[in-house]
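Asks: One file: start-v2.tsv (TSV, C-alpha atoms).
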chain	number	residue	atom	x	y	z
G	1296	MET	CA	-11.14	-10.59	-46.19
G	1297	LYS	CA	-7.82	-12.05	-45.02
G	1298	LYS	CA	-6.17	-8.65	-45.53
G	1299	LEU	CA	-8.86	-6.97	-43.38
G	1300	SER	CA	-8.41	-9.59	-40.66
G	1301	LEU	CA	-4.65	-9.10	-40.70
G	1302	LEU	CA	-5.10	-5.32	-40.54
G	1303	PHE	CA	-7.46	-5.63	-37.59
G	1304	PHE	CA	-4.98	-7.91	-35.82
G	1305	LEU	CA	-2.12	-5.47	-36.35
G	1306	ILE	CA	-4.25	-2.55	-35.13
G	1307	SER	CA	-5.19	-4.54	-32.00
G	1308	ILE	CA	-1.53	-5.23	-31.24
G	1309	SER	CA	-0.66	-1.56	-31.80
G	1310	VAL	CA	-3.39	-0.43	-29.39
G	1311	SER	CA	-2.14	-2.88	-26.73
G	1312	ILE	CA	1.42	-1.65	-27.13
G	1313	LEU	CA	0.33	1.98	-26.94
G	1314	LYS	CA	-1.60	1.24	-23.76
G	1315	GLY	CA	1.46	-0.52	-22.38
G	1316	GLN	CA	2.08	-1.23	-18.75
G	1317	GLN	CA	0.53	0.80	-15.95
G	1318	ILE	CA	1.44	1.56	-12.33
G	1319	VAL	CA	-1.96	1.23	-10.70
G	1320	SER	CA	-1.40	1.95	-6.99
G	1321	PHE	CA	0.97	2.09	-4.02
G	1322	THR	CA	0.27	0.53	-0.63
G	1323	ILE	CA	2.49	1.45	2.33
G	1324	SER	CA	2.64	-0.80	5.39
G	1325	PRO	CA	2.57	0.04	8.21
G	1326	PRO	CA	0.54	3.14	7.33
G	1327	TYR	CA	2.35	5.14	10.05
G	1328	PRO	CA	5.94	3.83	10.09
G	1329	THR	CA	8.31	4.69	12.92
G	1330	THR	CA	12.09	4.54	13.14
G	1331	ALA	CA	11.70	1.00	14.53
G	1332	ASP	CA	9.74	-0.30	11.51
G	1333	SER	CA	10.74	-1.74	8.19
G	1334	VAL	CA	8.57	-0.14	5.50
G	1335	THR	CA	6.89	-2.40	2.95
G	1336	ILE	CA	5.67	-0.79	-0.28
G	1337	ILE	CA	3.47	-2.87	-2.58
G	1338	VAL	CA	3.27	-1.54	-6.13
G	1339	ALA	CA	0.32	-2.87	-8.14
G	1340	CYS	CA	0.98	-2.97	-11.90
G	1341	GLU	CA	-1.08	-3.88	-14.96
G	1342	PHE	CA	0.15	-5.14	-18.32
G	1343	PRO	CA	-1.43	-5.30	-21.80
G	1344	TYR	CA	-1.20	-9.08	-22.13
G	1345	GLY	CA	-0.26	-12.20	-20.20
G	1346	GLY	CA	2.95	-13.70	-18.96
G	1347	CYS	CA	3.99	-10.79	-16.75
G	1348	ASP	CA	6.71	-12.45	-14.70
G	1349	GLY	CA	9.27	-10.16	-13.15
G	1350	SER	CA	10.59	-8.64	-9.96
G	1351	ALA	CA	11.87	-5.45	-8.37
G	1352	TYR	CA	15.50	-4.68	-7.62
G	1353	PRO	CA	16.55	-3.67	-4.07
G	1354	PRO	CA	15.79	-0.01	-3.31
G	1355	LEU	CA	18.48	2.67	-3.45
G	1356	ILE	CA	18.34	5.13	-0.55
G	1357	THR	CA	19.99	8.55	-1.00
G	1358	GLY	CA	19.10	10.89	1.83
G	1359	ASN	CA	15.32	11.28	1.76
G	1360	GLU	CA	15.02	10.00	-1.81
G	1361	ILE	CA	14.34	6.30	-2.35
G	1362	THR	CA	14.36	4.81	-5.85
G	1363	CYS	CA	13.52	1.35	-7.10
G	1364	ASP	CA	13.34	-0.29	-10.55
G	1365	ALA	CA	11.37	-3.37	-11.58
G	1366	ILE	CA	11.56	-5.31	-14.83
G	1367	HIS	CA	8.76	-7.48	-16.21
G	1368	CYS	CA	8.69	-9.75	-19.26
G	1369	LEU	CA	5.53	-9.88	-21.35
G	1370	GLY	CA	4.47	-13.23	-22.77
G	1371	MET	CA	2.06	-14.13	-25.56
G	1372	LEU	CA	-1.05	-15.02	-23.53
G	1373	ALA	CA	-4.04	-13.05	-24.80
G	1374	PHE	CA	-5.34	-11.52	-21.59
G	1375	ILE	CA	-4.59	-8.47	-19.48
G	1376	CYS	CA	-2.77	-9.42	-16.29
G	1377	ASP	CA	-1.68	-7.72	-13.13
G	1378	GLU	CA	1.30	-8.19	-10.88
G	1379	SER	CA	2.48	-6.67	-7.61
G	1380	ASP	CA	6.04	-5.78	-6.72
G	1381	THR	CA	6.88	-5.83	-3.01
G	1382	ILE	CA	9.73	-3.60	-1.85
G	1383	VAL	CA	10.98	-3.83	1.74
G	1384	ILE	CA	12.89	-0.81	3.05
G	1385	PRO	CA	14.91	-1.20	6.28
G	1386	PRO	CA	14.17	1.12	9.23
G	1387	LEU	CA	14.76	4.77	8.38
G	1388	ALA	CA	15.58	7.91	10.33
G	1389	SER	CA	12.60	10.15	11.12
G	1390	GLY	CA	11.61	12.49	8.31
G	1391	HIS	CA	9.67	12.84	5.07
G	1392	TYR	CA	10.58	10.46	2.23
G	1393	ASN	CA	9.88	10.33	-1.49
G	1394	PHE	CA	9.73	6.86	-3.09
G	1395	THR	CA	10.11	6.76	-6.89
G	1396	PHE	CA	9.31	3.56	-8.78
G	1397	THR	CA	10.31	2.84	-12.38
G	1398	LEU	CA	8.54	0.02	-14.22
G	1399	VAL	CA	10.54	-1.45	-17.11
G	1400	THR	CA	8.72	-3.80	-19.51
G	1401	GLN	CA	10.27	-6.00	-22.19
G	1402	ASP	CA	9.20	-8.90	-24.41
G	1403	GLY	CA	9.90	-12.60	-24.32
G	1404	THR	CA	11.51	-15.09	-21.99
G	1405	PRO	CA	14.23	-14.16	-21.24
G	1406	CYS	CA	13.47	-10.46	-21.61
G	1407	SER	CA	14.55	-8.63	-24.73
G	1408	SER	CA	14.07	-5.05	-25.82
G	1409	GLY	CA	10.47	-4.13	-26.62
G	1410	THR	CA	8.49	-1.13	-27.79
G	1411	TYR	CA	7.43	0.02	-24.34
G	1412	LEU	CA	8.15	3.29	-22.57
G	1413	ASP	CA	9.21	3.02	-18.93
G	1414	LYS	CA	6.54	4.08	-16.45
G	1415	VAL	CA	7.59	6.23	-13.48
G	1416	ASP	CA	5.48	7.20	-10.46
G	1417	SER	CA	6.16	8.21	-6.87
G	1418	VAL	CA	4.60	8.27	-3.41
G	1419	GLN	CA	5.52	10.10	-0.20
G	1420	PHE	CA	5.47	8.91	3.40
G	1421	THR	CA	6.62	10.12	6.80
G	1422	VAL	CA	8.65	8.22	9.41
G	1423	THR	CA	8.24	9.29	13.04
G	1424	ASN	CA	10.52	8.71	16.01
G	1425	ALA	CA	9.59	5.45	17.72
G	1426	ASN	CA	10.44	6.97	21.12
G	1427	LEU	CA	7.57	9.44	20.66
G	1428	VAL	CA	4.97	6.70	20.17
G	1429	PRO	CA	3.43	5.80	23.54
G	1430	GLU	CA	3.48	2.14	24.55
G	1431	TYR	CA	0.05	0.77	25.38
G	1432	HIS	CA	1.23	-1.63	28.08
G	1433	SER	CA	3.06	1.13	30.00
G	1434	LYS	CA	0.49	3.96	29.92
G	1435	ASN	CA	-2.80	2.19	29.22
G	1436	ILE	CA	-4.52	5.44	28.25
G	1437	TYR	CA	-6.79	3.96	25.58
G	1438	SER	CA	-8.64	0.70	25.15
G	1439	VAL	CA	-10.62	-0.81	22.28
G	1440	VAL	CA	-13.26	-3.45	23.09
G	1441	PRO	CA	-14.59	-5.99	22.29
G	1442	ASN	CA	-11.96	-7.87	20.34
G	1443	PRO	CA	-12.95	-9.88	18.33
G	1444	THR	CA	-15.99	-7.80	17.35
G	1445	LYS	CA	-19.02	-8.40	15.14
G	1446	GLY	CA	-18.95	-4.87	13.75
G	1447	LYS	CA	-19.05	-2.43	16.66
G	1448	ILE	CA	-16.26	-1.30	18.98
G	1449	GLU	CA	-16.04	0.90	22.05
G	1450	VAL	CA	-13.06	3.25	22.35
G	1451	TRP	CA	-12.30	4.28	25.93
G	1452	GLN	CA	-9.95	6.99	27.14
G	1453	ASP	CA	-8.87	7.95	30.66
G	1454	ARG	CA	-9.66	11.64	30.24
G	1455	ILE	CA	-11.86	13.57	27.83
G	1456	GLU	CA	-10.04	14.94	24.82
G	1457	LYS	CA	-10.54	15.13	21.07
G	1458	LEU	CA	-9.14	12.04	19.34
G	1459	SER	CA	-8.74	10.87	15.78
G	1460	VAL	CA	-9.55	7.20	15.20
G	1461	LYS	CA	-8.56	5.64	11.87
G	1462	ILE	CA	-9.15	2.07	10.74
G	1463	PHE	CA	-6.77	0.50	8.20
G	1464	SER	CA	-6.71	-2.84	6.41
G	1465	LEU	CA	-3.53	-4.89	6.74
G	1466	THR	CA	-2.44	-3.59	3.32
G	1467	GLY	CA	-2.65	0.02	4.53
G	1468	THR	CA	-5.98	1.04	2.95
G	1469	LEU	CA	-7.94	3.57	5.05
G	1470	MET	CA	-11.30	1.93	5.86
G	1471	GLY	CA	-12.72	4.47	8.31
G	1472	ASP	CA	-11.91	7.88	9.80
G	1473	TYR	CA	-13.65	9.06	12.99
G	1474	THR	CA	-13.37	11.87	15.55
G	1475	ILE	CA	-14.36	11.16	19.17
G	1476	HIS	CA	-14.74	13.41	22.24
G	1477	GLU	CA	-16.08	11.26	25.12
G	1478	LEU	CA	-14.65	8.86	27.70
G	1479	ARG	CA	-16.65	6.04	26.05
G	1480	ASN	CA	-17.27	6.14	22.32
G	1481	ASP	CA	-19.28	3.70	20.18
G	1482	ILE	CA	-18.11	3.19	16.59
G	1483	ASP	CA	-19.95	1.09	14.00
G	1484	LEU	CA	-17.59	-0.65	11.59
G	1485	PRO	CA	-19.07	-1.48	8.14
G	1486	LEU	CA	-16.28	-3.99	7.53
G	1487	THR	CA	-16.04	-7.55	6.27
G	1488	SER	CA	-14.45	-10.20	8.48
G	1489	GLY	CA	-10.69	-9.90	8.88
G	1490	ILE	CA	-7.89	-8.22	10.81
G	1491	TYR	CA	-7.65	-4.41	10.91
G	1492	THR	CA	-5.30	-1.83	12.41
G	1493	VAL	CA	-6.74	0.85	14.70
G	1494	VAL	CA	-4.77	4.08	15.04
G	1495	ILE	CA	-5.81	6.52	17.78
G	1496	GLU	CA	-4.10	9.92	17.88
G	1497	ASN	CA	-4.22	13.19	19.73
G	1498	SER	CA	-1.92	16.18	19.19
G	1499	THR	CA	1.08	14.49	20.84
G	1500	GLN	CA	0.52	10.74	21.06
G	1501	ARG	CA	-0.38	7.73	18.93
G	1502	PHE	CA	-1.83	4.40	20.03
G	1503	ILE	CA	-1.85	1.48	17.57
G	1504	THR	CA	-3.61	-1.84	18.03
G	1505	ARG	CA	-5.27	-4.52	15.92
G	1506	ILE	CA	-8.80	-5.86	16.02
G	1507	GLN	CA	-10.49	-8.86	14.46
G	1508	VAL	CA	-13.92	-8.49	12.82
G	1509	VAL	CA	-15.94	-11.70	12.70
G	1510	ASP	CA	-19.25	-12.62	11.07
Give the structure from this file in structure tokens form.
Replies:
Amino acid sequence: MKKLSLLFFLISISVSILKGQQIVSFTISPPYPTTADSVTIIVACEFPYGGCDGSAYPPLITGNEITCDAIHCLGMLAFICDESDTIVIPPLASGHYNFTFTLVTQDGTPCSSGTYLDKVDSVQFTVTNANLVPEYHSKNIYSVVPNPTKGKIEVWQDRIEKLSVKIFSLTGTLMGDYTIHELRNDIDLPLTSGIYTVVIENSTQRFITRIQVVD
């Protein structure tokens, strides 16, 4: 019986090691960076068992390629844990960028070599010229009311044109995507209370503001 228990324990450890660490998701903030913005990328990771302390190294920027490594140490706590690495990239020139993230996992405190393969994943984003983004206070073409709101907003424009309206959480998750055509447009927001970013775009301009949803 003891031999069977030991065998089961060893198999369980082997399965955990084979599963290893995982890169779960990337979140880019702001969702539409300009040349005036620092870009924050949050990388959500998952590990086979507890004690997942670690951190990411500063990013390396080579042209339009950005790379970053993070190292995490696994402890002996018997539960799956998650951890997020936050990487801040200084303002970039306009263009398309590829961000590659390498997750390195080792055992113990301090870290020592373990039986884990590095995980590598990437995400792309585009930086636009800040001078091409219209300033709300100078042109006042669009307005979003009321703010705060209990779940419904009105989007006004000075002249009728087709507009894209996107709603993002503060972590960059797309919460709603709408197309409007009128001077006054009602939009129902099935959102929980919190702060959200509203991005209104036509073919040449972008207007960005924030709204607060209250209960």
Asks: Work out how far atom CA of G:Ile1503 is from atom CA of G:Pro1385, in Å to one decimal.
Replies: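 Result for atom CA of G:Pro1385 versus atom CA of G:Ile1503: 20.4 Å, one decimal.
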Asks: Between G:Ser1464, G:Thr1474, G:Gln1316, G:Thr1421, which is the closest to G:Tyr1392 once you count all atoms listed in the file?
Replies: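 Result for the nearest residue to G:Tyr1392: G:Thr1421.
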Asks: Take atom CA of G:Ile1506 and atom CA of G:Pro1443 and report the distance between them in Å, one decimal.
Replies: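 Separation of atom CA of G:Ile1506 and atom CA of G:Pro1443: 6.2 Å.
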Asks: Around (10.9, 0.4, -17.6), as given in the file, which residues come within 10 Å? Count all atoms listed in the file and list them as number ranges by chain.
Replies: G: 1316, 1364-1367, 1396-1401, 1411-1415
Asks: My list of candidates is G:Thr1362, G:Asn1442, G:Gln1452, G:Thr1492. Which is closest to G:Thr1468 when distances are computed with all atoms listed in the file?
Replies: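 Of the candidates, the smallest distance to G:Thr1468 is held by G:Thr1492.
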Asks: What does the structure give for the distance between atom CA of G:Ala1331 and atom CA of G:Gly1390, in Å to one decimal?
Replies: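 Between atom CA of G:Ala1331 and atom CA of G:Gly1390 the gap is 13.1 Å.
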Asks: Would you fill the gaps in stretch 1350-1362 of chain G so it has N, CA and C atoms, then print it as a compact mmCIF listing (two decimals), in the coordinates of the input?
Replies:
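What ended up in rebuild.txt:
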# COMPACT_ATOMS: atom_id res chain seq x y z
N SER G 1350 10.34 -8.97 -11.35
CA SER G 1350 10.59 -8.64 -9.96
C SER G 1350 11.27 -7.29 -9.86
N ALA G 1351 11.26 -6.76 -8.63
CA ALA G 1351 11.87 -5.45 -8.37
C ALA G 1351 13.29 -5.64 -7.83
N TYR G 1352 14.14 -4.69 -8.15
CA TYR G 1352 15.50 -4.68 -7.62
C TYR G 1352 15.48 -4.07 -6.21
N PRO G 1353 16.49 -4.30 -5.38
CA PRO G 1353 16.55 -3.67 -4.07
C PRO G 1353 16.52 -2.14 -4.19
N PRO G 1354 15.89 -1.47 -3.23
CA PRO G 1354 15.79 -0.01 -3.31
C PRO G 1354 17.13 0.67 -3.06
N LEU G 1355 17.29 1.84 -3.66
CA LEU G 1355 18.48 2.67 -3.45
C LEU G 1355 18.06 3.88 -2.62
N ILE G 1356 18.70 4.06 -1.47
CA ILE G 1356 18.34 5.13 -0.55
C ILE G 1356 19.43 6.19 -0.58
N THR G 1357 19.07 7.41 -0.98
CA THR G 1357 19.99 8.55 -1.00
C THR G 1357 19.35 9.70 -0.25
N GLY G 1358 19.74 9.86 1.01
CA GLY G 1358 19.10 10.89 1.83
C GLY G 1358 17.63 10.56 2.02
N ASN G 1359 16.76 11.49 1.63
CA ASN G 1359 15.32 11.28 1.76
C ASN G 1359 14.68 10.84 0.44
N GLU G 1360 15.50 10.51 -0.53
CA GLU G 1360 15.02 10.00 -1.81
C GLU G 1360 15.28 8.50 -1.90
N ILE G 1361 14.24 7.74 -2.20
CA ILE G 1361 14.34 6.30 -2.35
C ILE G 1361 13.88 5.93 -3.76
N THR G 1362 14.71 5.21 -4.50
CA THR G 1362 14.36 4.81 -5.85
C THR G 1362 14.40 3.30 -5.98
